[in-house]
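Everything below belongs to structure.txt, which stores compact mmCIF, C-alpha atoms.
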```
# COMPACT_ATOMS: atom_id res chain seq x y z
CA MET Y 1 -4.95 37.85 -15.70
CA ASN Y 2 -2.52 40.18 -14.01
CA PRO Y 3 0.96 38.96 -15.07
CA ARG Y 4 2.09 39.44 -11.48
CA THR Y 5 -0.56 37.05 -10.18
CA LYS Y 6 1.05 33.79 -9.19
CA GLN Y 7 -0.65 30.66 -10.44
CA ARG Y 8 -1.34 28.17 -7.68
CA PRO Y 9 0.73 24.98 -7.81
CA PRO Y 10 -1.12 21.74 -8.55
CA LEU Y 11 -2.51 19.69 -5.69
CA ARG Y 12 -0.04 17.06 -4.59
CA LEU Y 13 -1.79 13.68 -4.88
CA GLY Y 14 -0.28 10.52 -3.40
CA ARG Y 15 -0.88 7.34 -5.38
CA ILE Y 16 -0.30 3.96 -3.71
CA GLY Y 17 2.10 2.15 -6.02
CA TYR Y 18 0.28 -1.20 -6.00
CA LEU Y 19 -2.02 -2.98 -8.42
CA ASN Y 20 -4.87 -2.95 -5.92
CA VAL Y 21 -5.63 0.73 -6.58
CA LEU Y 22 -5.47 0.45 -10.38
CA PRO Y 23 -9.28 0.42 -10.80
CA LEU Y 24 -9.39 3.84 -9.15
CA HIS Y 25 -6.44 5.42 -10.93
CA TYR Y 26 -6.79 3.84 -14.38
CA PRO Y 27 -9.44 6.26 -15.73
CA LEU Y 28 -7.40 9.23 -14.50
CA GLU Y 29 -4.06 8.02 -15.84
CA GLN Y 30 -5.57 7.08 -19.20
CA GLY Y 31 -7.32 10.43 -19.59
CA ILE Y 32 -10.79 8.86 -19.52
CA LEU Y 33 -11.82 11.22 -16.73
CA HIS Y 34 -10.60 14.79 -16.51
CA GLY Y 35 -10.64 17.43 -13.85
CA GLY Y 36 -8.32 18.95 -11.32
CA ASP Y 37 -4.66 19.82 -11.58
CA PHE Y 38 -2.58 17.17 -9.81
CA GLU Y 39 1.07 16.51 -9.25
CA LEU Y 40 1.13 12.71 -8.85
CA VAL Y 41 3.48 11.18 -6.27
CA SER Y 42 3.60 7.39 -6.35
CA GLY Y 43 5.01 5.16 -3.60
CA PRO Y 44 4.29 2.43 -1.07
CA PRO Y 45 1.82 3.29 1.72
CA ALA Y 46 4.50 3.79 4.37
CA GLU Y 47 6.29 6.37 2.19
CA LEU Y 48 3.05 8.24 1.49
CA ASN Y 49 2.26 8.19 5.22
CA VAL Y 50 5.51 10.04 5.92
CA LEU Y 51 4.92 12.59 3.17
CA MET Y 52 1.39 13.28 4.42
CA ASN Y 53 2.63 13.61 8.00
CA GLN Y 54 5.28 16.08 6.84
CA GLY Y 55 2.72 18.16 4.94
CA LYS Y 56 4.28 17.33 1.56
CA LEU Y 57 1.05 15.91 0.07
CA ASP Y 58 -2.43 17.43 -0.02
CA ILE Y 59 -4.48 14.27 -0.73
CA SER Y 60 -3.29 10.69 -0.63
CA GLY Y 61 -4.13 7.07 -0.24
CA CYS Y 62 -2.50 6.05 3.05
CA SER Y 63 -2.36 3.26 5.59
CA SER Y 64 -5.38 3.20 7.90
CA VAL Y 65 -3.02 3.27 10.86
CA GLU Y 66 -1.64 6.65 9.73
CA TYR Y 67 -5.03 8.28 10.29
CA GLY Y 68 -5.27 6.54 13.66
CA ARG Y 69 -1.93 7.99 14.72
CA HIS Y 70 -2.50 11.57 13.54
CA PRO Y 71 -6.26 12.22 13.22
CA GLU Y 72 -5.77 15.88 14.08
CA LYS Y 73 -3.87 16.37 10.79
CA TYR Y 74 -6.33 14.75 8.37
CA LEU Y 75 -9.84 14.52 6.99
CA ILE Y 76 -11.10 11.25 5.50
CA LEU Y 77 -12.41 11.38 1.93
CA PRO Y 78 -15.93 9.89 2.01
CA ASP Y 79 -16.69 6.56 0.31
CA LEU Y 80 -13.12 5.73 -0.69
CA ALA Y 81 -11.10 2.85 0.75
CA ILE Y 82 -9.02 -0.18 -0.08
CA GLY Y 83 -9.88 -3.27 1.90
CA SER Y 84 -11.60 -6.62 1.84
CA CYS Y 85 -14.47 -8.56 3.31
CA GLY Y 86 -12.71 -11.90 3.18
CA PRO Y 87 -9.54 -12.96 1.34
CA VAL Y 88 -7.53 -10.00 0.09
CA GLN Y 89 -4.82 -12.11 -1.66
CA SER Y 90 -2.19 -9.37 -1.52
CA VAL Y 91 -1.58 -9.23 2.24
CA LEU Y 92 -0.31 -12.67 3.24
CA LEU Y 93 1.65 -14.26 6.06
CA ILE Y 94 3.52 -17.14 4.46
CA CYS Y 95 5.06 -19.64 6.87
CA ARG Y 96 7.35 -22.65 6.83
CA THR Y 97 5.32 -24.00 9.76
CA ARG Y 98 1.82 -23.38 11.05
CA PRO Y 99 1.09 -19.87 12.38
CA GLU Y 100 0.22 -21.51 15.70
CA ASP Y 101 3.88 -22.61 15.97
CA LEU Y 102 5.41 -19.16 15.50
CA ASP Y 103 5.79 -18.34 19.20
CA GLY Y 104 9.27 -16.84 19.56
CA GLN Y 105 10.00 -17.34 15.85
CA THR Y 106 11.10 -14.59 13.46
CA VAL Y 107 8.57 -12.98 11.14
CA LEU Y 108 10.06 -10.86 8.36
CA VAL Y 109 7.89 -7.81 7.68
CA SER Y 110 8.03 -5.25 4.92
CA ALA Y 111 8.64 -1.62 5.80
CA GLN Y 112 6.22 -0.58 3.06
CA SER Y 113 2.91 -0.84 4.96
CA HIS Y 114 2.31 0.18 8.56
CA THR Y 115 -1.26 -1.16 8.65
CA SER Y 116 -0.37 -4.70 7.58
CA ALA Y 117 2.48 -4.87 10.10
CA THR Y 118 0.23 -3.84 12.97
CA LEU Y 119 -2.58 -6.11 11.79
CA VAL Y 120 -0.43 -9.24 11.63
CA ASP Y 121 0.80 -8.57 15.18
CA LEU Y 122 -2.79 -8.12 16.45
CA ILE Y 123 -3.92 -11.35 14.77
CA LEU Y 124 -0.96 -13.44 15.93
CA ARG Y 125 -0.99 -12.16 19.50
CA GLN Y 126 -4.70 -11.71 20.21
CA HIS Y 127 -6.31 -14.23 17.86
CA VAL Y 128 -3.76 -17.01 17.28
CA GLY Y 129 -2.11 -16.62 20.69
CA VAL Y 130 1.60 -16.49 19.78
CA LYS Y 131 4.27 -13.83 20.25
CA PRO Y 132 6.77 -13.84 17.38
CA VAL Y 133 9.83 -11.65 16.90
CA TYR Y 134 9.66 -9.17 14.02
CA LYS Y 135 12.44 -8.20 11.64
CA THR Y 136 12.13 -5.64 8.87
CA GLY Y 137 13.55 -6.51 5.49
CA ASP Y 138 13.15 -7.10 1.76
CA ALA Y 139 11.56 -10.54 1.35
CA THR Y 140 12.29 -10.93 -2.36
CA ALA Y 141 15.98 -10.05 -1.94
CA LEU Y 142 16.34 -12.25 1.14
CA LEU Y 143 14.82 -15.28 -0.57
CA ALA Y 144 17.01 -14.72 -3.62
CA SER Y 145 20.06 -14.86 -1.33
CA GLY Y 146 19.02 -18.31 -0.15
CA GLU Y 147 17.77 -17.38 3.33
CA ARG Y 148 14.47 -18.83 4.54
CA PRO Y 149 13.06 -17.05 7.61
CA PRO Y 150 10.30 -18.95 9.46
CA ALA Y 151 7.57 -16.57 8.23
CA ILE Y 152 7.23 -13.56 5.92
CA LEU Y 153 4.56 -10.89 5.79
CA CYS Y 154 4.12 -10.13 2.07
CA ILE Y 155 2.11 -7.20 0.81
CA GLY Y 156 1.06 -5.75 -2.51
CA ASP Y 157 2.47 -7.11 -5.74
CA GLU Y 158 5.14 -9.05 -3.82
CA ALA Y 159 2.41 -11.09 -2.10
CA LEU Y 160 0.88 -11.98 -5.46
CA ASN Y 161 4.29 -13.17 -6.63
CA LEU Y 162 5.22 -15.17 -3.49
CA ARG Y 163 1.87 -16.63 -2.49
CA ARG Y 164 2.72 -20.06 -3.96
CA HIS Y 165 6.38 -20.23 -2.89
CA PRO Y 166 7.20 -23.94 -2.46
CA ASP Y 167 9.24 -23.42 0.74
CA TYR Y 168 6.26 -21.74 2.48
CA PRO Y 169 3.34 -24.19 2.42
CA HIS Y 170 1.34 -22.48 5.18
CA ARG Y 171 -0.41 -19.23 4.32
CA MET Y 172 -2.61 -16.83 6.27
CA ASP Y 173 -4.58 -14.26 4.28
CA LEU Y 174 -4.85 -11.34 6.68
CA GLY Y 175 -8.13 -10.09 5.23
CA GLU Y 176 -9.73 -13.49 5.74
CA ALA Y 177 -8.14 -13.94 9.18
CA TRP Y 178 -9.60 -10.60 10.33
CA ARG Y 179 -13.05 -11.56 9.00
CA GLN Y 180 -12.93 -14.92 10.78
CA TRP Y 181 -11.83 -13.20 13.99
CA THR Y 182 -14.28 -10.28 13.97
CA GLY Y 183 -16.89 -10.90 11.28
CA LYS Y 184 -16.08 -7.44 9.86
CA PRO Y 185 -14.49 -6.09 6.66
CA PHE Y 186 -10.95 -4.84 7.03
CA ILE Y 187 -9.87 -1.48 5.66
CA PHE Y 188 -6.16 -1.46 4.86
CA GLY Y 189 -6.08 2.03 3.40
CA LEU Y 190 -7.99 5.29 3.34
CA TRP Y 191 -7.85 8.38 1.17
CA ILE Y 192 -7.20 11.40 3.32
CA ALA Y 193 -6.72 15.13 2.85
CA SER Y 194 -4.52 17.30 5.00
CA ARG Y 195 -6.61 19.65 7.12
CA GLU Y 196 -4.25 22.46 6.17
CA ALA Y 197 -4.89 21.95 2.45
CA ALA Y 198 -8.63 21.49 3.02
CA CYS Y 199 -8.70 24.87 4.74
CA ALA Y 200 -6.38 26.79 2.39
CA ARG Y 201 -7.68 25.29 -0.88
CA ARG Y 202 -11.11 24.07 0.12
CA GLU Y 203 -12.85 23.98 -3.27
CA GLU Y 204 -9.87 22.44 -5.07
CA VAL Y 205 -9.52 19.68 -2.47
CA LYS Y 206 -13.25 18.96 -2.57
CA ALA Y 207 -13.18 18.83 -6.37
CA GLY Y 208 -10.23 16.46 -6.23
CA ALA Y 209 -12.08 14.21 -3.79
CA ARG Y 210 -15.18 14.14 -5.99
CA LEU Y 211 -13.03 13.23 -9.00
CA LEU Y 212 -11.47 10.32 -7.11
CA VAL Y 213 -14.91 9.01 -6.14
CA GLU Y 214 -16.02 9.28 -9.76
CA ALA Y 215 -12.88 7.41 -10.85
CA LYS Y 216 -13.57 4.67 -8.33
CA LYS Y 217 -17.10 4.21 -9.67
CA TRP Y 218 -15.78 4.07 -13.24
CA GLY Y 219 -13.23 1.44 -12.28
CA GLN Y 220 -15.84 -0.67 -10.48
CA THR Y 221 -18.00 -0.78 -13.60
CA HIS Y 222 -15.09 -1.53 -15.96
CA LEU Y 223 -13.23 -4.24 -14.05
CA ASP Y 224 -12.98 -6.47 -17.12
CA LEU Y 225 -11.01 -3.79 -18.96
CA VAL Y 226 -8.86 -2.96 -15.94
CA SER Y 227 -8.17 -6.66 -15.30
CA ARG Y 228 -7.13 -7.18 -18.91
CA GLU Y 229 -4.72 -4.25 -18.80
CA ALA Y 230 -3.32 -5.21 -15.39
CA ALA Y 231 -2.67 -8.80 -16.47
CA ARG Y 232 -0.35 -7.64 -19.27
CA GLY Y 233 2.50 -6.99 -16.86
CA SER Y 234 1.70 -9.51 -14.15
CA ILE Y 235 2.19 -13.18 -13.33
CA LEU Y 236 -1.60 -13.33 -12.94
CA ASN Y 237 -3.72 -14.06 -15.97
CA GLU Y 238 -6.82 -12.03 -16.78
CA ALA Y 239 -9.21 -14.34 -14.89
CA GLU Y 240 -6.96 -14.37 -11.81
CA MET Y 241 -6.66 -10.60 -11.93
CA ARG Y 242 -10.43 -10.18 -12.12
CA SER Y 243 -10.81 -12.54 -9.14
CA TYR Y 244 -8.29 -10.43 -7.26
CA PHE Y 245 -10.10 -7.16 -7.94
CA ASP Y 246 -13.49 -8.75 -7.16
CA GLY Y 247 -12.23 -9.61 -3.66
CA LEU Y 248 -11.33 -6.02 -2.85
CA VAL Y 249 -13.48 -3.35 -1.21
CA TYR Y 250 -13.27 0.19 -2.55
CA ASP Y 251 -16.28 1.65 -0.73
CA LEU Y 252 -16.39 3.05 2.78
CA GLY Y 253 -19.94 2.25 3.84
CA LEU Y 254 -21.42 1.44 7.22
CA GLU Y 255 -19.99 -2.09 7.45
CA GLU Y 256 -16.54 -0.94 6.40
CA LEU Y 257 -16.65 1.87 8.96
CA ASP Y 258 -17.62 -0.62 11.67
CA GLY Y 259 -14.56 -2.71 10.76
CA LEU Y 260 -12.33 0.37 10.74
CA ARG Y 261 -13.55 1.51 14.16
CA LEU Y 262 -12.99 -1.97 15.58
CA PHE Y 263 -9.43 -1.97 14.21
CA TYR Y 264 -8.75 1.32 15.96
CA GLU Y 265 -10.21 -0.07 19.19
CA ARG Y 266 -7.89 -3.07 18.98
CA LEU Y 267 -4.91 -0.81 18.24
CA ALA Y 268 -5.73 1.29 21.31
CA GLU Y 269 -6.04 -1.84 23.45
CA ALA Y 270 -2.61 -2.94 22.21
CA GLY Y 271 -1.08 0.48 22.97
CA VAL Y 272 -0.27 1.24 19.32
CA ILE Y 273 -2.37 4.42 19.44
CA PRO Y 274 -3.48 6.31 22.57
CA ALA Y 275 -7.21 6.07 21.85
CA PRO Y 276 -9.59 5.23 18.99
CA PRO Y 277 -9.82 8.40 16.87
CA GLU Y 278 -12.99 10.20 15.89
CA LEU Y 279 -13.62 9.72 12.18
CA ALA Y 280 -13.68 13.20 10.65
CA PHE Y 281 -14.71 13.47 6.99
CA LEU Y 282 -14.04 16.02 4.28
CA PRO Y 283 -17.43 17.60 3.45
CA LEU Y 284 -18.25 17.28 -0.24
```

This entry written out as structure tokens:
Amino acid sequence: MNPRTKQRPPLRLGRIGYLNVLPLHYPLEQGILHGGDFELVSGPPAELNVLMNQGKLDISGCSSVEYGRHPEKYLILPDLAIGSCGPVQSVLLICRTRPEDLDGQTVLVSAQSHTSATLVDLILRQHVGVKPVYKTGDATALLASGERPPAILCIGDEALNLRRHPDYPHRMDLGEAWRQWTGKPFIFGLWIASREAACARREEVKAGARLLVEAKKWGQTHLDLVSREAARGSILNEAEMRSYFDGLVYDLGLEELDGLRLFYERLAEAGVIPAPPELAFLPL
């Protein structure tokens, strides 16, 4: 190699910092699967959304709503998603009263996930028929201070920790609520590539996407191992962790795409996005 030739920097890969994506990332982080040169950036979905939008990541797991807001910037990685076709367990609205009684009441929402925040508003307004008031904040810190807002939208690991809080006897699992409302799976997150990176570093981005799909398939066939490892640092035991992973959807097949398109249609109807986006995929 010419000593003056600059080596390309690694691809910047965003990793959602929640347990729900562990089956996909475990074989990569443990060195079970190899390939690609990645700089890993971990964070909540909302943070990764911002980094993708700013062009600071090349590939990332992101909130589904981020693609809906900026489809011109991204390509969807085929057959990769994080969602559910029924209870998701880690996206919960916990309430001191029934959800039907939340009209005009305050719902505390996390700033960490844009998709969950928009989904809970769609469900409460269009399905349940109430119009709450939303406040952004840290649920765990607020509860520790002694405050008890009428309802809290919990996501990720926080939802797993708070789902049995004694002061919040009413719970709505947003994955199950969406299925009951529409009959469709719900896709909370997608893996997307920036169009700029896909153009400038086409083969590297495609190789990275193929590696992620391979990692997903490995995780799906080794859920017992992943559940055992995940339970070591969790309040969930191994059986509960396996039940949690079993309830998640990691594929992006025809049914999942139908659910995703319907979500975008509902977002457009609510004025959250201007129109349902065309789903553009990274060719592998």

- Might you pull out every residue within 12 Å of stretch 192-202 of chain Y, with only C-alpha atoms counted and same-chain residues fewer than 5 positions away left off, and present them as a PyMOL selection string? chain Y and resi 8-15+48-49+51-68+70-81+207-209+212+279-284

- Task: Could you tell me which of Y:Glu204, Y:Glu229, Y:Asp173, Y:Asp101 comes closest to Y:Phe186 if we count only C-alpha atoms?
- Result: Y:Asp173

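Minimum distance to Y:Glu147 across Y:Leu19, Y:Asp167, Y:Ala177, Y:Lys206 (counting only C-alpha atoms) occurs at Y:Asp167.
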
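Using only C-alpha atoms, the protein and nucleic acid residues lying no more than 6 Å from Y:Arg228, apart from those fewer than 3 places from it along its own chain, are Y:Leu225, Y:Ala231, Y:Glu238.
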
Could you turn the residues from that selection into a file that holds C-alpha atoms, as a PDB file, in the frame of the given file?
```
ATOM      1  CA  LEU Y 225     -11.010  -3.790 -18.960  1.00  0.00           C
ATOM      2  CA  ALA Y 231      -2.670  -8.800 -16.470  1.00  0.00           C
ATOM      3  CA  GLU Y 238      -6.820 -12.030 -16.780  1.00  0.00           C
TER       4      GLU Y 238
END
```

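Taking all atoms listed in the file into account, Y:Asn161 lies nearest to Y:Ile235 out of the set Y:Leu223, Y:Val130, Y:Ile235, Y:Leu108.
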
- Skipping near chain neighbours, those fewer than 5 positions away, what residues fall within 9 Å of Y:Pro276 using all atoms listed in the file, listed as a list of chain:residue names? Y:Gly68, Y:Arg261, Y:Leu262, Y:Phe263, Y:Tyr264, Y:Glu265, Y:Arg266, Y:Leu267, Y:Ala268

- Message: Show me, as a list in words, the residues that have an atom within 10 Å of Y:Thr118 when counting all atoms listed in the file, minus same-chain residues fewer than 3 positions from it.
- Response: Val65, Ser113, His114, Thr115, Asp121, Leu122, Ile123, Phe263, Leu267, Ala270 and Val272 of chain Y

Stretch 215-261 of chain Y near stretch 26-46 of chain Y within 12 Å: what's each residue's closest atom pair and its distance in Å to one decimal, counting all atoms listed in the file, ordered by chain then ascending residue number, as CSV?
```
residue,atom,partner,partner_atom,distance
Y:Ala215,CA,Y:Pro27,CA,6.1
Y:Lys216,CA,Y:Pro27,CA,8.6
Y:Lys217,CA,Y:Pro27,CA,10.0
Y:Trp218,CA,Y:Pro27,CA,7.2
Y:Gly219,CA,Y:Pro27,CA,7.0
Y:Gln220,CA,Y:Pro27,CA,10.8
Y:Thr221,CA,Y:Pro27,CA,11.3
Y:His222,CA,Y:Pro27,CA,9.6
Y:Leu223,CA,Y:Tyr26,CA,10.3
Y:Leu225,CA,Y:Tyr26,CA,9.8
Y:Val226,CA,Y:Tyr26,CA,7.3
Y:Ser227,CA,Y:Tyr26,CA,10.6
Y:Arg228,CA,Y:Tyr26,CA,11.9
Y:Glu229,CA,Y:Tyr26,CA,9.4
Y:Ala230,CA,Y:Tyr26,CA,9.7
```

Would you output that residue set with C-alpha atoms, as an mmCIF file, in the frame of the given file?
```cif
data_model
loop_
_atom_site.group_PDB
_atom_site.id
_atom_site.type_symbol
_atom_site.label_atom_id
_atom_site.label_comp_id
_atom_site.auth_asym_id
_atom_site.auth_seq_id
_atom_site.Cartn_x
_atom_site.Cartn_y
_atom_site.Cartn_z
ATOM 1 C CA ALA Y 215 -12.880 7.410 -10.850
ATOM 2 C CA LYS Y 216 -13.570 4.670 -8.330
ATOM 3 C CA LYS Y 217 -17.100 4.210 -9.670
ATOM 4 C CA TRP Y 218 -15.780 4.070 -13.240
ATOM 5 C CA GLY Y 219 -13.230 1.440 -12.280
ATOM 6 C CA GLN Y 220 -15.840 -0.670 -10.480
ATOM 7 C CA THR Y 221 -18.000 -0.780 -13.600
ATOM 8 C CA HIS Y 222 -15.090 -1.530 -15.960
ATOM 9 C CA LEU Y 223 -13.230 -4.240 -14.050
ATOM 10 C CA LEU Y 225 -11.010 -3.790 -18.960
ATOM 11 C CA VAL Y 226 -8.860 -2.960 -15.940
ATOM 12 C CA SER Y 227 -8.170 -6.660 -15.300
ATOM 13 C CA ARG Y 228 -7.130 -7.180 -18.910
ATOM 14 C CA GLU Y 229 -4.720 -4.250 -18.800
ATOM 15 C CA ALA Y 230 -3.320 -5.210 -15.390
#
```

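Atom pair atom CA of Y:Ile155 / atom CA of Y:Thr182 has a distance of 21.2 Å (rounded to one decimal).
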
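The gap separating atom CA of Y:Val120 from atom CA of Y:Trp181 is 12.3 Å, in Å to one decimal.
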
- Using only C-alpha atoms, determine which residues lie at most 12 Å from Y:Arg96, disregarding the query and same-chain residues fewer than 2 positions distant; provide the list as a PyMOL selection string. chain Y and resi 93-94+98-102+105-107+148-152+165-172

Let's have the selection written as a PDB file, keeping the file's coordinate frame, with C-alpha atoms.
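Produced file selection.pdb, reproduced below:
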```
ATOM      1  CA  LEU Y  93       1.650 -14.260   6.060  1.00  0.00           C
ATOM      2  CA  ILE Y  94       3.520 -17.140   4.460  1.00  0.00           C
ATOM      3  CA  ARG Y  98       1.820 -23.380  11.050  1.00  0.00           C
ATOM      4  CA  PRO Y  99       1.090 -19.870  12.380  1.00  0.00           C
ATOM      5  CA  GLU Y 100       0.220 -21.510  15.700  1.00  0.00           C
ATOM      6  CA  ASP Y 101       3.880 -22.610  15.970  1.00  0.00           C
ATOM      7  CA  LEU Y 102       5.410 -19.160  15.500  1.00  0.00           C
ATOM      8  CA  GLN Y 105      10.000 -17.340  15.850  1.00  0.00           C
ATOM      9  CA  THR Y 106      11.100 -14.590  13.460  1.00  0.00           C
ATOM     10  CA  VAL Y 107       8.570 -12.980  11.140  1.00  0.00           C
ATOM     11  CA  ARG Y 148      14.470 -18.830   4.540  1.00  0.00           C
ATOM     12  CA  PRO Y 149      13.060 -17.050   7.610  1.00  0.00           C
ATOM     13  CA  PRO Y 150      10.300 -18.950   9.460  1.00  0.00           C
ATOM     14  CA  ALA Y 151       7.570 -16.570   8.230  1.00  0.00           C
ATOM     15  CA  ILE Y 152       7.230 -13.560   5.920  1.00  0.00           C
ATOM     16  CA  HIS Y 165       6.380 -20.230  -2.890  1.00  0.00           C
ATOM     17  CA  PRO Y 166       7.200 -23.940  -2.460  1.00  0.00           C
ATOM     18  CA  ASP Y 167       9.240 -23.420   0.740  1.00  0.00           C
ATOM     19  CA  TYR Y 168       6.260 -21.740   2.480  1.00  0.00           C
ATOM     20  CA  PRO Y 169       3.340 -24.190   2.420  1.00  0.00           C
ATOM     21  CA  HIS Y 170       1.340 -22.480   5.180  1.00  0.00           C
ATOM     22  CA  ARG Y 171      -0.410 -19.230   4.320  1.00  0.00           C
ATOM     23  CA  MET Y 172      -2.610 -16.830   6.270  1.00  0.00           C
TER      24      MET Y 172
END
```

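We find atom CA of Y:Tyr18 and atom CA of Y:Arg125 to be spaced 27.8 Å apart.
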